[in-house]
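Trainee: Sharing a structure, written as structure tokens. Questions coming.
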Amino acid sequence: MAEPERPPLALPGAPAAGEGAADLGPETNALEPAPTAAVSPGTEEPIGDAKKKIDVLLKAVGDTPIMKTKKWAVERTRTIQGLIDFIKKFLKLVASEQLFIYVNQSFAPSPDQEVGTLYECFGSDGKLVLHYCKSQAWG
Amino acid sequence: MAENEFLEEKTFKQYCAEFIKHSEEIGDGWEWRNSKDCSDGYMSKTHFQTWSRTSATEQLFPQAEDDFELCSDDSEVAGPAAASEVIRYEYHVLYSYSYGVPVLYFRASFLDGRPLTLKEIWDGVHQFYKARLLQEPWSTITQQEHPILGQPFFVLHPCKTNEFMTSLLENSGKDKRNTNYITLWLSIVGPVVGLNIPLSYAKAVSQQDEKTD
């Protein structure tokens, strides 16, 4: 696979979580999510956007920190890589920590897989459930 | 910590059979091979990729994703015409008795038989995985003799496999039956060494559920 690298993009409805949390203190091992006041969870998205965005429910696995906001409205074209970058920023993980996302509890999609495609295949009850796991959980 | 998800050999073979069944449906090239005395077996996939060597960098880089094209596709290569090399990749999934987990063996060579170094293999890995490869405790790569073929292969060391698979599987709860251990494991470790697993393997698991519901 020789895909060009894409810069991480902020998810719609999310603040610049990295910047917003900067004044919480020195970078730690990310046990606290960014303040939710500035976060706009999926359910608040205007209905007009419903077709472009899908609801994603993020579930933590193992010792991975749980995001206070679990439900997000995500553009269909957002990739897994973009989503991982977002969660890592949101959880303030350090650069050496890796994050895995897997779908249907059975498969880790490739980083350039679009969330919209995953929703078509694995979405139910109007949302796509994705599990995420931080590698340090495996010590 | 949840109960360890050790994989029994019998279960390993069942998961591999399911995996290969889907591979046959989509032409992904996996097959089962038995050892000479048929006491052991493993999953195997060989694929070819065309790489270009530009005069500027002298470094090899992979061309288009198409596994089946042996001819260089110049439209994918920027700059002056480059010499192309065809690389042969082999991936084997074996069962480790001592660890109770599957193990990924791999090697790559040029068509003239010259083996690629680990560095050359990594050069073909997506940037997303390179960082993981360098930092993950479970992605230690060693070179070992293939237990059945007796030839040198690179091996993704299995010592951490049980730990991280248990971590992922304990979350499956009552839905554990939905998960093909081999599919989940290979979709995580494979790409790190250049092996891609198409998304339809995950759908295959779902479809099996629908039939059994």
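Labels for the structure tokens follow display order: chains A, B, ..., residues from 1 in each chain, ligands from 1.
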Dump as a PyMOL selection string the residues of chain B that approach chain A to within 6 Å, counting only C-alpha atoms.

Mentor: chain B and resi 126+164+167+179+184+187-188+202

Trainee: How many Å lie between CA of Ala17 (chain B) and CA of Phe48 (chain B), rounded to one decimal?

Mentor: 23.4 Å

Trainee: Measuring between only C-alpha atoms, which one of B:Val101, B:Leu156, B:Cys38, B:Ala204 shows the shortest distance to Thr11 (chain B)?

Mentor: B:Val101

Trainee: Between B:Ile182, B:Leu111, B:Leu199, B:Val103, which has the minimum distance to Cys159 (chain B) (counting only C-alpha atoms)?

Mentor: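 The answer is B:Val103, which sits nearest to Cys159 (chain B).
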
Trainee: Please indicate the distance in Å from CA of Lys68 (chain A) to CA of Leu128 (chain A), rounded to one decimal place.

Mentor: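 So the answer is 17.6 Å.
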
Trainee: Distance CA of Ser124 (chain A)-CA of Ala73 (chain A), one decimal place?

Mentor: 14.9 Å
